[in-house]
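*Asks:* What follows is a single structure, and I will ask about it in a moment.
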Amino acid sequence: MQPRAEAAASRAPLLTISAACGTWGIPSSAVASVEQPGTDAASAPLSLLTLLGVAAPVAPAELARVLVLRVGGERLALLVHGALTLVETTAADLLPLPAAVQSLTPLLSHVAVVDGKPALFVVSPERLLQAARGAHAPSPSHDSARGSSC
Amino acid sequence: MLKTLTLRSTLTYAVLDLLFAPFVILAFTQLLGTGGAADPWLTMVGLTALKITAWAIYLSIELSPWERFARTAAKGRTPELVQAADRSLQSLPLRFGLVYSLTWIATYGAGFLIVKGLGAEHAPLPTQADNAIAILCLAVFFGGFAFAYPLGSTLTADAASECSALARAGSYSLDRSPSSLQLRIAAVAMALALGPMLWMVALGYIKQVESSHTERVTHAALASSELALAIGAMNPSEDDTALGVVLDGFQKRSVDGLVLDAGKPRGSDVATRLLAADPELSRWLTSETPHSSAGTRARIDLPYVVAFHRVDPTRVAVAVLHAPVAASASFVLSSIVFTLLVGVWAPICAYALGRAVSRPIGKLTTIARRIVEQGDLKEIGTVAVAANDEIGVLTEKVNDVLDLMRDVSLAAHAIAKGDLRAVVEGTGELPDSFRGMLESLRGMVHQIRETSVDLASAAAEIFAASQEQEAAAASQSSAMVEISRTMDSLSESAAHVSDAVQGVLGNAERTLHNTDDMVRRIGELTQHANRIGEILEVIRDIADRSDLLALNGSLEASHAGEGGRGFALVASEMRRLAERVTASVSDVKKLVSDIRDSGSSTVMATEESKKLAEGTTDAARQITFVTQQQRSGTEQVSQSIKGIADVVSQAVSATSQTRTSAQGLKTQADRLSALVKRFELTTEAP
């Protein structure tokens, strides 16, 4: 039972979002469901890339998905564009962020390399929640609004 | 101006008749011894009015054909109309003269009968009055005819001349019977002599009767005076025997005596019976004898005259003379003889006078007829002139005309022989015209000479030109035939082209039809592709939803941990299937899009092909139209060329004829020139 418990403890499945300017990963444990956009018109979801501060080119509408996150009992809908894939990772696959990347956005928690594929950035659901709160608050400062282009 | 001949004639006769009427009526009443009695005058005035009315009606009937002619417009005056009018005019003088005279006779006869019918009380007439009236009627018959006939001839002369002129202009004859001027003059002269003559005879005759009446009245008065003396010489106591002796002596003188005294009349039985039979006589004696010493009662119509003479205060002698009125036998005899003499002598004299007039006219007529019928002026000679009167002057002038005509005839003979040097003397329209004609003839001959030379020259030139023209026309004819053949060939080619273009047009129209069909089918294909796209969209949506569902399943499986692994595998497999479906849908969408693009391109290409086919069809149609026009035009040109060829061929023929005519013309011009040279001209024409 020990190995299976260890194995279960080391699992960190990620829901990856393969967008045009990179692949992003969100711990699947934080993702309550994936929905099609427009089903809940009253609460327009925030764009993940916008929150990340990445100016991405306009993606095709059919690739849009709304990720419903549950963080600490709160619900957060995020609009994402790109292919969604559920990737099995372990804690060993999660690497700390390089300082250069960490300075770009505070929303990322790790960088993961899975099966030798290009590294993907793991977004922290808690920070996303905070950022989303900030996004609904008065307009952010110039520094927070500044993003990078992919 | 009196418009119609009828009115003109009626008024002329009426005026003259009315001028004569009072004198004639006066003479009539005087002749009958009615003097100024009103009844005969009124009777004669009324009868004269009737007479004028009668002959006026007859005159209007007789002249009605002429009046119909006169009323007709010039265009409608047919020969029959003119002939009828002329017949009425020709017959009018004689007929109307007779009718006019007969109306006079009727007037006198009726007047006489009426006066006679009034009775002896109004107009006592002698028994000889009948004879006198008969002679008077003859007198007025001849006198009226002598007046009416020449006047009628004068009145109708102009109208008859108009008819004659129309007939001559229309070249038709009039129905005029031959008549003799001499006879007409003789008839008028006889009537003119017998009229007054008989009038005088009648007057003389009646005057003889009146004279006889006067004579017997005188005798009766004388006899009564003698009887009164004889009775006065007798002793009143003597008896009737002595009176009878006295009366017997008177009876031998056709006088019956009678003595009227206080007692019954005594005397001749004849006288006594007469007194008893004639109450008027008795009343007259009763009324006259008491206060008159003598008196006479005489009526011209009675065969006796009664006269009385007072013997003494108590006795009156009455003498009845039996002596009817009578004209002198010698007078009657001499009148008859003299009338017959005048009746014969007057026409003989008139005939002789008429012969003096008509004989030279007859000679002139004969000459005129010979001139007209034979035209031989040499044989005619001159007409002898008998006197210096109108006929003589006419004859002289006819001789002058004959001389002039001979001169003209001689000149015409000379001209006919070609000698234009002839000279015509004299003045007047005919010689002047002849000289003018001669001068014109000279000028004309001169011009003909020159013209004939020019004509011969021109004819030669025409001949030469005609030859050249004939050759050119023949060449043109050949060229035209060749062109005609070429045009026939061109027409045939145009027909071939037209047939070929018809084929092209059919193909183009079929292509256009096929292209339309293709466009329609491509449209249908595009609709199908669109439908496929819609289905693909549904499939893609289903796949997307399946993918999402599988993803959520995977998430749930991952949330479930180890227990959800199997489900995660299934969800993963479902996702791959959904992705594959999505990928397939994308591929199919890509293919459908390509089909659409290809369809659009095909539609565009087909539209282009359609436009090309339409253009081809239009072009083929235009070509067909143009080709047909060309074919028609070519055929028309071909026909025209054939027509031109025919015309040119005719021109060749005509030119040939012209050449022949020119040749003949030159021959004629040469002949004309030779002919004109025969004329001798005295002077050259200008």
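Each chain in the structure tokens gets a letter, A, B and so on, in the order shown; residues start at 1 in every chain, and ligands are counted from 1 in the order they appear.
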Determine which residues of chain B sit within 12 Å of chain A, taking into account only C-alpha atoms, and present them as a VMD selection string.
*Replies:* chain B and resid 537 540 to 541 543 to 563 565 568 to 569 571 to 572 575 to 576 579 582 586
*Asks:* List the neighbours of Ala135 of chain A out to 10 Å using only C-alpha atoms; skip same-chain residues closer than 6 positions along the sequence, and give me the result as a PyMOL selection string.
*Replies:* chain A and resi 46+50-51+128-129+145
*Asks:* List the spatial neighbours of Pro96 of chain A as JSON, numbers by chain - criterion: any atom at most 10 Å away, only C-alpha atoms, same-chain residues fewer than 3 positions off excluded.
*Replies:* {"A": [93, 99, 102, 108, 109, 110, 111, 112, 121, 122]}
*Asks:* Given the selection you just returned, output its residues as a file containing N, CA and C atoms, formatted as a short mmCIF file (atom, residue, chain, number, x, y, z; two decimals), in the first residue's frame.
*Replies:*
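Wrote it out as again.cif, contents follow:
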```cif
data_model
loop_
_atom_site.label_atom_id
_atom_site.label_comp_id
_atom_site.auth_asym_id
_atom_site.auth_seq_id
_atom_site.Cartn_x
_atom_site.Cartn_y
_atom_site.Cartn_z
N ASP A 93 8.29 15.88 -12.22
CA ASP A 93 8.28 16.60 -13.51
C ASP A 93 8.16 18.11 -13.30
N ALA A 99 14.31 32.32 -12.84
CA ALA A 99 14.12 33.68 -12.31
C ALA A 99 13.62 34.63 -13.38
N GLN A 102 10.03 33.96 -13.87
CA GLN A 102 9.26 34.33 -12.68
C GLN A 102 9.03 35.84 -12.61
N LEU A 108 2.62 31.99 -12.56
CA LEU A 108 3.17 30.66 -12.84
C LEU A 108 3.79 30.11 -11.58
N SER A 109 3.66 28.79 -11.46
CA SER A 109 4.25 28.16 -10.27
C SER A 109 5.41 27.25 -10.60
N HIS A 110 5.34 26.54 -11.70
CA HIS A 110 6.41 25.63 -12.08
C HIS A 110 6.57 25.63 -13.57
N VAL A 111 7.57 24.97 -13.97
CA VAL A 111 7.76 24.63 -15.37
C VAL A 111 7.90 23.12 -15.39
N ALA A 112 7.23 22.50 -16.33
CA ALA A 112 7.23 21.03 -16.34
C ALA A 112 7.71 20.55 -17.70
N PHE A 121 4.47 25.73 -18.97
CA PHE A 121 4.41 26.53 -17.75
C PHE A 121 3.15 26.17 -16.99
N VAL A 122 3.35 25.88 -15.71
CA VAL A 122 2.22 25.49 -14.86
C VAL A 122 1.73 26.73 -14.13
#
```
*Asks:* Between B:Arg631, B:Arg621, B:Arg442, B:Arg520, which one has atoms that come closest to Gly506 of chain B, using only C-alpha atoms?
*Replies:*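 Under the stated criterion, the closest residue is B:Arg621.
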*Asks:* Would you compute the distance between atom CA of Lys207 of chain B and atom CA of Leu302 of chain B? Give it in Å to one decimal.
*Replies:*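 These two atoms are separated by 16.8 Å.
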*Asks:* Within 12 Å of Ser491 of chain B, counting only C-alpha atoms, which residues show up once you throw out same-chain ones fewer than 4 positions away? Write them as a list in words, please.
*Replies:*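 Everything that qualifies: Ile483, Ser484, Arg485, Thr486, Met487, Ala495, His496, Val497, Ser498, Thr627, Gln628, Gln629, Gln630, Arg631, Ser632, Gly633, Thr634, Glu635, Gln636, Val637, Ser638 and Gln639 of chain B.
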*Asks:* Could you turn the residues from that selection into a file that holds C-alpha atoms, as a CSV table (one decimal), in the first residue's frame?
*Replies:*
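Below you can see out-v4.csv, which holds the result:
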```csv
chain,number,residue,atom,x,y,z
B,483,ILE,CA,-20.3,39.5,-114.6
B,484,SER,CA,-23.6,37.8,-114.5
B,485,ARG,CA,-21.9,34.4,-114.4
B,486,THR,CA,-19.5,35.6,-111.6
B,487,MET,CA,-22.5,36.9,-109.7
B,495,ALA,CA,-25.7,30.0,-100.3
B,496,HIS,CA,-23.0,27.5,-99.1
B,497,VAL,CA,-21.7,30.0,-96.5
B,498,SER,CA,-25.3,30.5,-95.3
B,627,THR,CA,-25.0,35.9,-95.3
B,628,GLN,CA,-28.7,35.8,-96.2
B,629,GLN,CA,-28.6,39.5,-97.0
B,630,GLN,CA,-25.5,38.9,-99.0
B,631,ARG,CA,-27.2,36.0,-100.8
B,632,SER,CA,-30.3,38.1,-101.5
B,633,GLY,CA,-28.2,41.1,-102.5
B,634,THR,CA,-26.1,38.9,-104.7
B,635,GLU,CA,-29.2,37.4,-106.3
B,636,GLN,CA,-30.6,40.9,-106.8
B,637,VAL,CA,-27.3,42.1,-108.2
B,638,SER,CA,-27.3,39.0,-110.4
B,639,GLN,CA,-30.8,39.9,-111.6
```
*Asks:* Using DSSP on the backbone coordinates, identify all residues within segment 116-180 of chain B classified as alpha helix (DSSP H); present the result as a ChimeraX atom specification.
*Replies:* /B:116-117,129-170
*Asks:* Please provide the set of residues having any atom within 12 Å of Tyr172 of chain B, restricted to only C-alpha atoms, with same-chain residues fewer than 2 positions apart removed, written as a list in words.
*Replies:*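 My list of contacting residues is Thr78, Pro79, Glu80, Val82, Gln83, Cys163, Ser164, Ala165, Leu166, Ala167, Arg168, Ala169, Gly170, Leu174 and Asp175 of chain B.
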*Asks:* Please dump the current selection as a PDB file, in the first residue's frame; keep N, CA and C atoms.
*Replies:*
```pdb
ATOM      1  N   THR B  78     -76.522  69.801-129.656  1.00  0.00           N
ATOM      2  CA  THR B  78     -76.302  68.663-130.547  1.00  0.00           C
ATOM      3  C   THR B  78     -76.783  69.013-131.944  1.00  0.00           C
ATOM      4  N   PRO B  79     -76.334  68.262-132.945  1.00  0.00           N
ATOM      5  CA  PRO B  79     -76.815  68.515-134.306  1.00  0.00           C
ATOM      6  C   PRO B  79     -78.335  68.426-134.397  1.00  0.00           C
ATOM      7  N   GLU B  80     -78.935  67.472-133.674  1.00  0.00           N
ATOM      8  CA  GLU B  80     -80.399  67.336-133.742  1.00  0.00           C
ATOM      9  C   GLU B  80     -81.083  68.599-133.220  1.00  0.00           C
ATOM     10  N   VAL B  82     -79.804  71.679-133.157  1.00  0.00           N
ATOM     11  CA  VAL B  82     -79.589  72.771-134.111  1.00  0.00           C
ATOM     12  C   VAL B  82     -80.506  72.593-135.311  1.00  0.00           C
ATOM     13  N   GLN B  83     -80.620  71.352-135.775  1.00  0.00           N
ATOM     14  CA  GLN B  83     -81.463  71.113-136.950  1.00  0.00           C
ATOM     15  C   GLN B  83     -82.936  71.426-136.642  1.00  0.00           C
ATOM     16  N   CYS B 163     -77.442  79.187-136.749  1.00  0.00           N
ATOM     17  CA  CYS B 163     -77.585  77.741-136.942  1.00  0.00           C
ATOM     18  C   CYS B 163     -76.690  77.277-138.087  1.00  0.00           C
ATOM     19  N   SER B 164     -76.665  78.038-139.159  1.00  0.00           N
ATOM     20  CA  SER B 164     -75.850  77.664-140.311  1.00  0.00           C
ATOM     21  C   SER B 164     -74.371  77.620-139.937  1.00  0.00           C
ATOM     22  N   ALA B 165     -73.949  78.625-139.164  1.00  0.00           N
ATOM     23  CA  ALA B 165     -72.533  78.667-138.753  1.00  0.00           C
ATOM     24  C   ALA B 165     -72.195  77.463-137.882  1.00  0.00           C
ATOM     25  N   LEU B 166     -73.107  77.121-136.979  1.00  0.00           N
ATOM     26  CA  LEU B 166     -72.855  75.956-136.109  1.00  0.00           C
ATOM     27  C   LEU B 166     -72.788  74.669-136.925  1.00  0.00           C
ATOM     28  N   ALA B 167     -73.707  74.542-137.877  1.00  0.00           N
ATOM     29  CA  ALA B 167     -73.714  73.330-138.699  1.00  0.00           C
ATOM     30  C   ALA B 167     -72.434  73.227-139.519  1.00  0.00           C
ATOM     31  N   ARG B 168     -71.978  74.362-140.025  1.00  0.00           N
ATOM     32  CA  ARG B 168     -70.743  74.347-140.812  1.00  0.00           C
ATOM     33  C   ARG B 168     -69.549  73.981-139.939  1.00  0.00           C
ATOM     34  N   ALA B 169     -69.555  74.575-138.734  1.00  0.00           N
ATOM     35  CA  ALA B 169     -68.457  74.262-137.810  1.00  0.00           C
ATOM     36  C   ALA B 169     -68.496  72.802-137.387  1.00  0.00           C
ATOM     37  N   GLY B 170     -69.709  72.251-137.244  1.00  0.00           N
ATOM     38  CA  GLY B 170     -69.838  70.855-136.817  1.00  0.00           C
ATOM     39  C   GLY B 170     -69.847  69.872-137.967  1.00  0.00           C
ATOM     40  N   LEU B 174     -78.071  71.020-142.632  1.00  0.00           N
ATOM     41  CA  LEU B 174     -79.363  71.430-142.094  1.00  0.00           C
ATOM     42  C   LEU B 174     -80.458  71.025-143.081  1.00  0.00           C
ATOM     43  N   ASP B 175     -81.634  70.764-142.516  1.00  0.00           N
ATOM     44  CA  ASP B 175     -82.741  70.319-143.376  1.00  0.00           C
ATOM     45  C   ASP B 175     -83.429  71.531-144.003  1.00  0.00           C
TER      46      ASP B 175
END
```
*Asks:* Smallest atom-to-atom distance to Ile539 of chain B: which of B:Gln30, B:Ser584, B:Thr107, B:Thr526, using only C-alpha atoms?
*Replies:*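 Under the stated criterion, the closest residue is B:Ser584.
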*Asks:* Fewer than 3 positions away in the same chain doesn't count, so skip those; otherwise give me all residues within 8 Å of segment 19-25 of chain B, counting only C-alpha atoms, as an MDAnalysis selection string.
*Replies:* chainID B and resid 15:16 28:29 41 44:45 48
